[in-house]
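Below: query-v2.csv (CSV, C-alpha atoms and all ligand atoms)
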```csv
chain,number,residue,atom,x,y,z
A,269,MET,CA,154.4,36.6,7.3
A,270,GLU,CA,151.4,38.4,5.7
A,271,LYS,CA,149.1,37.2,8.5
A,272,ASP,CA,151.6,38.5,11.1
A,273,ARG,CA,151.3,41.9,9.5
A,274,LEU,CA,147.6,41.9,10.3
A,275,THR,CA,148.0,40.3,13.8
A,276,ASN,CA,150.5,43.0,14.8
A,277,LEU,CA,148.3,45.7,13.6
A,278,LEU,CA,145.3,44.3,15.5
A,279,GLN,CA,147.3,44.0,18.7
A,280,ALA,CA,148.6,47.6,18.4
A,281,TYR,CA,145.1,48.8,17.7
A,282,ARG,CA,143.6,47.1,20.8
A,283,ASN,CA,146.3,48.8,22.9
A,284,ALA,CA,145.5,52.2,21.4
A,285,SER,CA,143.4,54.7,23.3
A,286,GLN,CA,139.6,54.7,22.9
A,287,GLU,CA,139.3,57.8,20.7
A,288,PHE,CA,141.1,55.8,17.9
A,289,HIS,CA,138.8,52.8,18.0
A,290,ALA,CA,136.1,52.5,15.4
A,291,THR,CA,132.8,54.1,16.5
A,292,SER,CA,129.4,52.6,15.9
A,293,TYR,CA,129.3,53.1,12.1
A,294,TRP,CA,132.5,51.1,11.4
A,295,ALA,CA,132.2,48.8,14.4
A,296,ALA,CA,129.1,47.4,12.6
A,297,TYR,CA,131.3,46.1,9.8
A,298,GLU,CA,134.4,45.0,11.7
A,299,GLU,CA,133.4,41.4,12.2
A,300,GLN,CA,132.5,40.7,8.6
A,301,ILE,CA,135.5,42.4,7.3
A,302,MET,CA,137.8,40.3,9.6
A,303,GLU,CA,136.0,37.1,8.6
A,304,THR,CA,136.5,38.0,4.9
A,305,ILE,CA,140.2,38.7,5.3
A,306,LYS,CA,140.8,35.3,7.1
A,307,SER,CA,140.4,33.4,3.9
A,308,ILE,CA,140.9,36.0,1.3
A,309,ASP,CA,142.4,35.4,-2.1
A,310,LEU,CA,144.0,38.7,-2.9
A,311,ASN,CA,144.0,37.9,-6.6
A,312,GLN,CA,140.2,38.2,-6.4
A,313,LEU,CA,140.1,41.2,-4.2
A,314,ARG,CA,138.2,43.3,-6.7
A,315,SER,CA,136.2,40.6,-8.5
A,316,GLY,CA,133.0,41.1,-6.4
A,317,LYS,CA,133.7,38.0,-4.4
A,318,TYR,CA,134.1,40.0,-1.2
A,319,PRO,CA,131.1,42.4,-0.9
A,320,TYR,CA,132.0,43.7,2.6
A,321,LEU,CA,135.2,45.1,1.2
A,322,ALA,CA,133.1,47.4,-1.0
A,323,THR,CA,132.2,49.4,2.1
A,324,PHE,CA,135.7,51.0,2.0
A,325,GLY,CA,136.4,51.2,-1.6
A,326,PHE,CA,137.1,47.8,-3.2
A,327,ASN,CA,134.0,48.3,-5.3
A,328,ASP,CA,134.8,47.4,-8.9
A,329,VAL,CA,131.7,45.6,-9.8
A,330,ILE,CA,129.0,46.7,-12.2
A,331,TYR,CA,125.4,45.9,-11.2
A,332,PHE,CA,123.0,45.5,-14.0
A,333,TYR,CA,120.2,44.5,-11.6
A,334,HIS,CA,119.6,45.1,-7.9
A,335,PRO,CA,122.1,42.9,-6.0
A,336,ASN,CA,119.9,42.4,-2.9
A,337,LEU,CA,116.9,40.8,-4.5
A,338,PRO,CA,115.9,37.4,-3.0
A,339,PHE,CA,117.2,34.3,-4.7
A,340,PRO,CA,114.7,33.3,-7.4
A,341,ARG,CA,114.1,36.9,-8.7
A,342,LYS,CA,117.8,37.6,-8.8
A,343,VAL,CA,118.5,34.5,-10.9
A,344,ILE,CA,115.6,35.3,-13.3
A,345,LEU,CA,116.8,38.9,-13.7
A,346,LYS,CA,120.3,37.7,-14.4
A,347,LEU,CA,119.1,35.3,-17.1
A,348,PHE,CA,116.9,38.0,-18.5
A,349,HIS,CA,119.8,40.4,-18.8
A,350,LYS,CA,122.1,37.7,-20.2
A,351,TYR,CA,119.9,36.2,-22.9
A,352,VAL,CA,117.1,38.7,-23.6
A,353,LEU,CA,118.4,42.2,-23.1
A,354,LYS,CA,122.1,41.5,-23.8
A,355,ASN,CA,123.6,45.0,-24.2
A,356,ARG,CA,120.4,46.5,-25.6
A,357,ARG,CA,119.6,50.1,-25.0
A,358,ILE,CA,117.1,50.0,-22.2
A,359,LEU,CA,117.9,53.3,-20.4
A,360,PRO,CA,116.4,56.7,-21.2
A,361,TYR,CA,117.9,58.5,-24.2
A,362,GLY,CA,118.9,55.1,-25.6
A,363,ILE,CA,122.2,55.0,-23.6
A,364,ASN,CA,124.0,51.8,-22.7
A,365,VAL,CA,126.9,50.9,-20.5
A,366,SER,CA,129.6,51.8,-23.0
A,367,ASP,CA,128.0,55.3,-23.4
A,368,ILE,CA,128.1,55.8,-19.7
A,369,ARG,CA,131.8,54.8,-19.7
A,370,ASP,CA,132.5,57.1,-22.6
A,371,LEU,CA,130.7,60.0,-21.0
A,372,SER,CA,132.5,59.5,-17.7
A,373,TYR,CA,135.9,59.4,-19.4
A,374,GLN,CA,135.0,62.6,-21.3
A,375,HIS,CA,133.8,64.2,-18.1
A,376,CYS,CA,137.2,63.4,-16.6
A,377,ASN,CA,139.0,64.7,-19.7
A,378,LEU,CA,137.3,68.0,-19.4
A,379,LEU,CA,137.7,68.2,-15.6
A,380,GLY,CA,141.4,67.7,-16.1
A,381,LYS,CA,141.6,70.5,-18.7
A,382,LEU,CA,139.6,72.9,-16.5
A,383,SER,CA,141.8,72.3,-13.5
A,384,ASN,CA,145.1,72.3,-15.2
A,385,ALA,CA,145.6,68.7,-14.1
A,386,GLU,CA,147.7,65.9,-15.5
A,387,PRO,CA,145.4,64.2,-18.1
A,388,ILE,CA,143.4,61.0,-17.5
A,389,SER,CA,144.9,59.7,-20.7
A,390,SER,CA,148.3,59.6,-19.2
A,391,ILE,CA,147.5,56.9,-16.6
A,392,GLU,CA,145.7,53.6,-16.4
A,393,VAL,CA,144.4,51.5,-13.5
A,394,SER,CA,146.1,48.4,-12.1
A,395,THR,CA,144.4,45.1,-12.9
A,396,PHE,CA,145.6,43.5,-9.7
A,397,GLY,CA,142.7,41.8,-7.8
A,398,ASN,CA,140.8,41.1,-11.0
A,399,PRO,CA,138.5,44.2,-11.1
A,400,LYS,CA,135.2,43.0,-12.6
A,401,ASP,CA,134.2,46.2,-14.3
A,402,LEU,CA,137.3,46.9,-16.4
A,403,PHE,CA,137.2,48.7,-19.7
A,404,GLU,CA,139.5,50.3,-22.2
A,405,VAL,CA,139.7,53.8,-23.7
A,406,ASN,CA,142.3,54.5,-26.4
A,407,GLY,CA,144.1,51.3,-25.4
A,408,LYS,CA,144.3,52.2,-21.7
A,409,LYS,CA,142.6,50.4,-18.9
A,410,TYR,CA,140.1,52.0,-16.5
A,411,THR,CA,137.5,51.2,-13.9
A,412,MET,CA,134.6,53.5,-12.9
A,413,PRO,CA,136.2,54.1,-9.4
A,414,PHE,CA,139.5,55.0,-11.0
A,415,LEU,CA,137.7,57.7,-12.9
A,416,ASN,CA,135.8,58.8,-9.8
A,417,TYR,CA,139.0,59.3,-7.8
A,418,TYR,CA,140.6,61.1,-10.8
A,419,ALA,CA,137.6,63.6,-10.6
A,420,ARG,CA,138.4,64.2,-6.9
A,421,TYR,CA,142.0,64.8,-7.7
A,422,CYS,CA,141.0,67.4,-10.4
A,423,PHE,CA,139.0,69.4,-7.9
A,424,ALA,CA,141.9,69.5,-5.4
A,425,ASN,CA,144.5,70.2,-8.1
A,426,LYS,CA,142.6,73.3,-9.2
A,427,HIS,CA,143.7,74.9,-6.0
A,428,VAL,CA,146.8,72.9,-4.8
A,429,ALA,CA,148.4,72.8,-8.3
A,430,PHE,CA,150.4,69.7,-7.5
A,431,LYS,CA,154.1,70.1,-8.5
A,432,ASP,CA,155.1,66.5,-7.8
A,433,LYS,CA,156.9,67.3,-4.6
A,434,GLU,CA,154.0,67.6,-2.1
A,435,ILE,CA,153.5,65.8,1.1
A,436,VAL,CA,150.0,64.4,1.4
A,437,VAL,CA,148.4,62.8,4.5
A,438,GLU,CA,145.3,60.8,4.0
A,439,LEU,CA,143.2,59.5,6.9
A,440,GLY,CA,140.7,56.7,6.1
A,441,SER,CA,142.4,55.7,2.8
A,442,GLY,CA,140.2,52.6,2.4
A,443,SER,CA,141.3,50.7,-0.7
A,444,GLY,CA,144.1,53.2,-1.5
A,445,TYR,CA,142.6,54.0,-4.9
A,446,GLN,CA,143.0,57.8,-4.4
A,447,ILE,CA,146.7,57.3,-3.7
A,448,GLU,CA,147.0,55.1,-6.8
A,449,VAL,CA,145.7,58.0,-8.9
A,450,LEU,CA,147.8,60.7,-7.1
A,451,LYS,CA,151.0,58.7,-7.3
A,452,LYS,CA,150.5,57.7,-10.9
A,453,LEU,CA,150.1,61.3,-11.9
A,454,HIS,CA,152.7,62.7,-9.5
A,455,PRO,CA,155.2,59.9,-8.9
A,456,HIS,CA,157.4,62.0,-6.5
A,457,ILE,CA,154.9,63.1,-4.0
A,458,THR,CA,155.3,61.7,-0.4
A,459,VAL,CA,152.2,60.1,1.1
A,460,LEU,CA,151.3,59.1,4.6
A,461,CYS,CA,148.1,57.1,4.8
A,462,PHE,CA,146.3,56.1,8.1
A,463,ASP,CA,143.4,53.7,8.6
A,464,LEU,CA,141.9,51.1,10.9
A,465,PRO,CA,143.9,47.8,11.0
A,466,ALA,CA,142.0,45.6,8.4
A,467,GLN,CA,141.6,48.5,6.0
A,468,ILE,CA,145.3,49.6,6.1
A,469,TYR,CA,146.4,46.0,5.8
A,470,LEU,CA,144.4,45.6,2.5
A,471,CYS,CA,145.3,49.1,1.3
A,472,GLU,CA,149.0,48.2,1.7
A,473,SER,CA,148.5,44.9,-0.1
A,474,TYR,CA,146.8,46.6,-3.0
A,475,LEU,CA,149.2,49.6,-3.4
A,476,SER,CA,152.2,47.3,-3.2
A,477,GLN,CA,150.9,45.7,-6.4
A,478,ALA,CA,149.5,48.8,-8.1
A,479,LEU,CA,152.5,51.0,-7.4
A,480,GLY,CA,155.2,48.5,-6.8
A,481,LYS,CA,156.5,47.2,-3.4
A,482,GLU,CA,159.6,49.5,-3.7
A,483,ASN,CA,157.3,52.5,-3.5
A,484,ILE,CA,155.7,51.5,-0.2
A,485,VAL,CA,156.9,51.7,3.4
A,486,GLY,CA,154.7,49.2,5.0
A,487,THR,CA,153.3,48.9,8.5
A,488,GLU,CA,155.8,46.2,9.5
A,489,GLU,CA,158.3,49.0,9.4
A,490,THR,CA,156.2,52.0,10.5
A,491,LEU,CA,154.4,50.3,13.4
A,492,MET,CA,157.4,50.7,15.7
A,493,TRP,CA,158.0,54.4,14.7
A,494,LYS,CA,158.2,56.8,17.6
A,495,ASN,CA,158.7,59.8,15.2
A,496,LEU,CA,158.9,60.5,11.5
A,497,SER,CA,162.7,60.6,11.2
A,498,ASN,CA,162.7,57.7,8.8
A,499,LEU,CA,160.2,59.2,6.4
A,500,GLN,CA,161.2,58.5,2.8
A,501,LYS,CA,160.7,61.2,0.2
A,502,GLY,CA,158.6,60.1,-2.7
A,503,ARG,CA,157.1,57.0,-1.1
A,504,VAL,CA,153.8,55.9,0.3
A,505,HIS,CA,153.9,55.2,4.1
A,506,CYS,CA,151.1,53.1,5.7
A,507,PHE,CA,150.2,53.6,9.3
A,508,GLY,CA,147.5,52.5,11.8
A,509,ASN,CA,145.0,55.4,12.5
A,510,TRP,CA,146.1,55.5,16.1
A,511,GLN,CA,149.5,56.6,15.0
A,512,ILE,CA,148.2,60.0,13.7
A,513,PRO,CA,149.8,61.9,16.6
A,514,LEU,CA,153.1,61.3,14.8
A,515,ILE,CA,152.2,64.0,12.3
A,516,LYS,CA,152.2,66.7,14.9
A,517,GLU,CA,155.9,67.2,14.1
A,518,LEU,CA,155.3,67.4,10.3
A,519,LYS,CA,154.4,70.4,8.2
A,520,PHE,CA,152.7,69.1,5.0
A,521,ASP,CA,150.8,70.3,2.0
A,522,VAL,CA,147.5,68.5,1.9
A,523,PHE,CA,145.3,66.6,4.4
A,524,TRP,CA,142.8,64.4,2.6
A,525,ASN,CA,139.7,62.7,4.0
A,526,ALA,CA,136.9,61.3,1.8
A,527,ALA,CA,133.7,59.7,3.0
A,528,SER,CA,135.3,58.9,6.3
A,529,PHE,CA,134.9,61.8,8.9
A,530,GLY,CA,131.2,61.8,8.1
A,531,GLU,CA,131.1,58.2,9.5
A,532,MET,CA,132.5,59.3,12.8
A,533,GLU,CA,131.0,61.5,15.6
A,534,PRO,CA,132.0,65.2,15.8
A,535,ASN,CA,134.2,64.8,18.9
A,536,ILE,CA,136.2,62.0,17.1
A,537,VAL,CA,136.7,64.2,14.1
A,538,ALA,CA,137.7,67.2,16.3
A,539,ASN,CA,140.4,64.9,17.9
A,540,TYR,CA,141.9,64.0,14.5
A,541,LEU,CA,141.8,67.6,13.3
A,542,SER,CA,143.7,68.7,16.5
A,543,TYR,CA,146.8,66.8,15.2
A,544,ILE,CA,146.9,68.7,11.9
A,545,GLU,CA,145.8,72.3,12.6
A,546,GLY,CA,148.7,74.6,12.2
A,547,ASN,CA,150.6,72.0,10.2
A,548,VAL,CA,148.9,71.8,6.9
A,549,GLN,CA,148.4,74.2,4.0
A,550,TRP,CA,145.3,72.6,2.4
A,551,ILE,CA,142.5,70.4,3.6
A,552,TYR,CA,140.4,68.4,1.1
A,553,LEU,CA,137.1,66.9,2.4
A,554,LEU,CA,134.4,65.0,0.6
A,555,GLN,CA,131.6,64.1,3.1
A,556,ALA,CA,127.9,63.6,3.6
A,557,ARG,CA,126.6,67.2,3.8
A,558,HIS,CA,124.1,66.5,6.6
A,559,GLY,CA,126.0,63.6,8.2
A,560,LYS,CA,125.5,59.9,7.8
A,561,GLU,CA,122.4,57.8,8.9
A,562,ILE,CA,121.5,57.8,12.6
A,563,SER,CA,119.7,54.5,12.4
A,564,GLY,CA,120.1,51.1,10.7
A,565,LYS,CA,122.9,48.5,10.7
A,566,ALA,CA,125.7,51.1,10.2
A,567,HIS,CA,124.9,54.4,11.8
A,568,VAL,CA,126.5,57.3,13.7
A,569,ALA,CA,125.6,58.2,17.3
A,570,LYS,CA,125.7,61.9,16.4
A,571,GLN,CA,126.0,63.4,12.9
A,572,THR,CA,129.0,65.4,11.7
A,573,THR,CA,127.7,68.0,9.2
A,574,PHE,CA,129.2,70.6,6.9
A,575,ASP,CA,128.6,73.3,9.5
A,576,ASN,CA,130.6,71.3,12.0
A,577,TYR,CA,133.7,71.2,9.7
A,578,VAL,CA,133.4,75.0,9.1
A,579,SER,CA,133.4,75.7,12.9
A,580,MET,CA,136.2,73.1,13.5
A,581,LEU,CA,138.5,74.9,11.1
A,582,PRO,CA,138.7,78.5,12.3
A,583,ASP,CA,142.3,79.0,11.0
A,584,PHE,CA,141.3,78.0,7.5
A,585,ASN,CA,139.5,79.8,4.7
A,586,LEU,CA,137.0,77.8,2.8
A,587,TRP,CA,138.4,78.1,-0.7
A,588,GLU,CA,135.7,76.2,-2.7
A,589,GLU,CA,132.8,74.0,-1.9
A,590,HIS,CA,130.2,72.3,-4.2
A,591,ASP,CA,128.0,69.2,-4.4
A,592,ALA,CA,130.3,66.2,-5.0
A,593,TRP,CA,130.2,64.4,-8.3
A,594,GLN,CA,131.4,61.0,-9.4
A,595,ALA,CA,132.7,60.6,-12.9
A,596,TYR,CA,129.2,59.5,-14.0
A,597,LYS,CA,126.7,61.0,-11.5
A,598,LYS,CA,126.2,63.3,-8.5
A,599,LEU,CA,126.9,61.6,-5.2
A,600,SER,CA,123.4,61.7,-3.9
A,601,GLU,CA,123.5,59.0,-1.2
A,602,ALA,CA,122.7,60.0,2.4
A,603,GLY,CA,121.1,63.2,1.3
A,604,GLY,CA,124.1,64.4,-0.8
A,605,TYR,CA,127.8,64.9,-0.4
A,606,PHE,CA,129.9,68.1,-0.5
A,607,GLU,CA,133.4,68.4,-1.8
A,608,ALA,CA,135.4,71.2,-0.4
A,609,ILE,CA,138.9,72.6,0.0
A,610,TRP,CA,140.2,74.9,2.8
A,611,LYS,CA,143.4,76.8,2.9
A,612,ASN,CA,145.4,77.7,6.0
A,613,LYS,CA,145.2,81.4,6.8
A,614,PHE,CA,148.9,81.3,7.6
A,615,ASP,CA,151.8,80.1,5.4
A,616,VAL,CA,153.0,76.7,6.4
A,617,LYS,CA,156.7,75.9,5.9
A,618,ILE,CA,156.7,72.3,4.6
A,619,GLY,CA,158.9,69.5,6.0
A,620,ARG,CA,160.1,68.4,9.4
A,621,GLU,CA,161.6,71.0,11.8
A,622,ASP,CA,164.4,69.1,13.5
A,623,LYS,CA,168.0,68.8,12.4
A,624,ASN,CA,168.1,65.3,11.0
A,625,SER,CA,164.8,65.7,9.3
A,626,TYR,CA,163.4,65.1,6.0
A,627,LYS,CA,163.0,68.7,4.8
A,628,ARG,CA,161.9,69.9,1.5
A,629,SER,CA,164.6,72.3,0.3
A,630,ASP,CA,163.0,73.1,-3.1
A,631,ARG,CA,160.1,75.2,-1.9
A,701,LIG,C1,133.6,54.7,3.1
A,701,LIG,S1,135.3,54.4,3.5
A,701,LIG,C2,136.1,55.6,2.4
A,701,LIG,C3,137.4,55.2,1.9
A,701,LIG,C4,138.1,56.1,1.0
A,701,LIG,N1,138.4,57.4,1.6
A,701,LIG,C5,137.3,56.4,-0.2
A,701,LIG,O1,136.9,57.5,-0.4
A,701,LIG,O2,137.0,55.4,-0.9
A,701,LIG,C6,135.5,55.1,5.1
A,701,LIG,C7,137.0,55.0,5.6
A,701,LIG,O3,137.1,55.6,6.9
A,701,LIG,C8,137.8,54.8,7.8
A,701,LIG,N2,137.4,55.0,9.2
A,701,LIG,C9,136.2,54.8,9.7
A,701,LIG,N3,136.2,55.1,11.0
A,701,LIG,C10,137.5,55.5,11.3
A,701,LIG,C11,138.1,56.0,12.5
A,701,LIG,N4,137.4,56.0,13.7
A,701,LIG,N5,139.4,56.3,12.4
A,701,LIG,C12,140.1,56.2,11.2
A,701,LIG,N6,139.5,55.8,10.1
A,701,LIG,C13,138.2,55.5,10.1
A,701,LIG,C14,137.4,53.4,7.3
A,701,LIG,O4,138.3,52.4,7.8
A,701,LIG,C15,137.4,53.5,5.8
A,701,LIG,O5,138.6,53.3,5.2
```
For this file, produce the structure as C-alpha cells.
Amino acid sequence: MEKDRLTNLLQAYRNASQEFHATSYWAAYEEQIMETIKSIDLNQLRSGKYPYLATFGFNDVIYFYHPNLPFPRKVILKLFHKYVLKNRRILPYGINVSDIRDLSYQHCNLLGKLSNAEPISSIEVSTFGNPKDLFEVNGKKYTMPFLNYYARYCFANKHVAFKDKEIVVELGSGSGYQIEVLKKLHPHITVLCFDLPAQIYLCESYLSQALGKENIVGTEETLMWKNLSNLQKGRVHCFGNWQIPLIKELKFDVFWNAASFGEMEPNIVANYLSYIEGNVQWIYLLQARHGKEISGKAHVAKQTTFDNYVSMLPDFNLWEEHDAWQAYKKLSEAGGYFEAIWKNKFDVKIGREDKNSYKRSDR
C-alpha cells in the first residue's frame, strides 16, 4: 500500500511535461534517494542512517567531527571525542554544544517577540524517525532544524501576521519541517505542498506522524484531482510538483519556497511563478543570493540570482530582504543566502472563485 503510493507518484511524474522534471542539480541525487527509499525504515528516518535524505531536510544529526574523513581518521577522531574530549569546552569563548543550543533557543525566543509571533515555548518537535540531535528546553523537545524553521516563520510572520486562517502554498517542501512548525503554531491554516515524487512521499509520511494522519490529505487522494474543489480547510494537502497548475484557480495568502528555486534554472523558476502571479498576497523566498554551484556533482546549468527574482516579480513590492540566518549561525554556504518577502501590489481576495468552492468568508 505504502509502496503503491510511491509507484503511483513516480508514474504520474514520468508522464508530466518536461518543465516539471528535476533539472541537473536534483537529477544528480535522484538515484541515491530512490535506492534509500527502497529499504527505508521510517522509524530511523532522522537518525542519520540515511545521509542522502539530508539533502532535502531530514538532517537531524549533530557532527562533532568532519563526516567525510577517510576511514581510519574518522574512527580515531570519534574515539578522541568520546573518551578524551567528552563534552569539554574546546570552542572559542569556552562554549560547548549545550551553550549553542541555549543561544539558539534564546535567539528564537527574541525573534518571536520582535515579530509578534507565537512563542517557540508553545510548541515542541515530533520525535518520529528518531532524530539524533534531540534536546530539551524547559521540558519541551527541540532539534536544531526545528529552531531554524521557527526562525524563518518569525521573519514571515513579521509581515504576514498569521491569524490561523491563511492558505499557504509551499513548493519544494522537502522534509515538511516548515509545515510542522507552521501548523503547530497555527493549527487552522490550510496548506498545499508540492514536491518531486520521492520527496513528497517522505514529506507526507513524516507529517502524517508529526501532525496526525487526520490532518493530512495525501497524494493517494490528490493525485487524481483535476481541480481544487475538494480542498479541505485547515488541512495539509500533498501534491506532486507537476500538479502546480491546479493553483491557478486559487487565491491564497502566502507562497513559500526555501532553498529550492535556487537549485533550478531561471526558466524553470519563471514557469512555476507563472502559476501564482496575480493569485497570492505574499511571497516568501530564502535562496542562494548568487545562485547555486555551476560545477561539481550537484550543479545548476544556469544560476538563478536575487536580481532574477526581483525582475520575475514585477507585480510585487519587495517588503524586506536580509542575509538569511539559522537559529545558530548565518547561512553562509554557496556564497550566502538571502531571505525576503514580497507583497502583491494589488489586493488579493483569498479563496476559490467558483460557486461550490472552498471560500474564506471571514476575511
Ligand atoms: C534543499 S531542499 C529544501 C527543502 C525545504 N524547502 C527546506 O528548506 O528544507 C530543495 C527542495 O526543492 C525541491 N526541488 C528541486 N527541484 C525541483 C523542481 N524542479 N521542482 C519542484 N521541486 C524541486 C527538492 O525536491 C527539495 O525538496
Which residues of chain A sit at most 6 Å from ligand LIG 701 (chain A), using only C-alpha atoms and all ligand atoms? Give each one's shortest atom pair and distance in Å (one decimal place), in chain and ascending residue order, as CSV.
```
residue,atom,partner,partner_atom,distance
A:Phe288,CA,A:LIG701,N4,5.6
A:His289,CA,A:LIG701,N4,5.5
A:Ala290,CA,A:LIG701,N4,4.1
A:Thr291,CA,A:LIG701,N4,5.7
A:Trp294,CA,A:LIG701,N3,5.5
A:Thr323,CA,A:LIG701,C1,5.6
A:Phe324,CA,A:LIG701,S1,3.7
A:Gly325,CA,A:LIG701,O2,4.3
A:Gly440,CA,A:LIG701,O3,3.8
A:Ser441,CA,A:LIG701,N1,4.5
A:Gly442,CA,A:LIG701,O5,3.3
A:Asp463,CA,A:LIG701,N6,4.7
A:Leu464,CA,A:LIG701,O4,4.9
A:Gln467,CA,A:LIG701,O4,5.4
A:Asn509,CA,A:LIG701,C12,5.1
A:Asn525,CA,A:LIG701,N1,6.0
A:Ala526,CA,A:LIG701,N1,4.2
A:Ala527,CA,A:LIG701,C2,4.8
A:Ser528,CA,A:LIG701,O3,3.8
A:Met532,CA,A:LIG701,N3,5.9
```
Listed atoms of segment 520-526 of chain A, axis-aligned box, 6 Å per side: centre and edge lengths to one decimal in Å, as AutoDock Vina command-line options?
```
--center_x 144.8 --center_y 65.8 --center_z 3.4 --size_x 27.8 --size_y 21.0 --size_z 15.2
```
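Going from atom CA of Glu482 of chain A over to atom CA of Arg503 of chain A, you cover 8.3 Å.
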Any chance you could tabulate, as a Markdown table, the residues of segment 455-538 of chain A at most 10 Å from segment 573-592 of chain A with each one's nearest atom pair and distance in Å to one decimal, using only C-alpha atoms, in chain and rising number order?
```
| residue | atom | partner | partner_atom | distance |
| --- | --- | --- | --- | --- |
| A:Phe529 | CA | A:Thr573 | CA | 9.5 |
| A:Gly530 | CA | A:Thr573 | CA | 7.2 |
| A:Glu533 | CA | A:Thr573 | CA | 9.7 |
| A:Pro534 | CA | A:Asn576 | CA | 7.3 |
| A:Val537 | CA | A:Tyr577 | CA | 8.8 |
| A:Ala538 | CA | A:Met580 | CA | 6.7 |
```
Write to file, as a PDB file, in the frame of the given file, the residues of the selection just made, with C-alpha atoms.
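The result, stored in selection.pdb:
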```
ATOM      1  CA  PHE A 529     134.900  61.800   8.900  1.00  0.00           C
ATOM      2  CA  GLY A 530     131.200  61.800   8.100  1.00  0.00           C
ATOM      3  CA  GLU A 533     131.000  61.500  15.600  1.00  0.00           C
ATOM      4  CA  PRO A 534     132.000  65.200  15.800  1.00  0.00           C
ATOM      5  CA  VAL A 537     136.700  64.200  14.100  1.00  0.00           C
ATOM      6  CA  ALA A 538     137.700  67.200  16.300  1.00  0.00           C
TER       7      ALA A 538
END
```
**OP:** Name all residues at most 9 Å from Ser292 of chain A (count all atoms listed in the file; drop same-chain ones fewer than 3 positions away) and give them as a VMD selection string.
**Re:** chain A and resid 295 to 296 531 to 532 566 to 569
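Pairwise distance (atom CA of Leu599 of chain A, atom CA of Ile435 of chain A) equals 27.7 Å.
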Leu460 of chain A: which residues within 6 Å, counting only C-alpha atoms, same-chain residues fewer than 2 positions away excluded, as a PDB file with C-alpha atoms, keeping the file's coordinate frame?
```
ATOM      1  CA  VAL A 437     148.400  62.800   4.500  1.00  0.00           C
ATOM      2  CA  VAL A 504     153.800  55.900   0.300  1.00  0.00           C
ATOM      3  CA  HIS A 505     153.900  55.200   4.100  1.00  0.00           C
TER       4      HIS A 505
END
```
Original post:
Near Met412 of chain A, within 12 Å and counting all atoms listed in the file, which residues show up once chain neighbours fewer than 2 positions away are dropped, as an MDAnalysis selection string?
Top reply: chainID A and resid 325:330 365:366 368:373 375:376 392:393 399:405 409:410 414:419 445 594:597
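Of note, atom CA of Ser563 of chain A and atom CA of Gly603 of chain A are spaced 14.2 Å apart.
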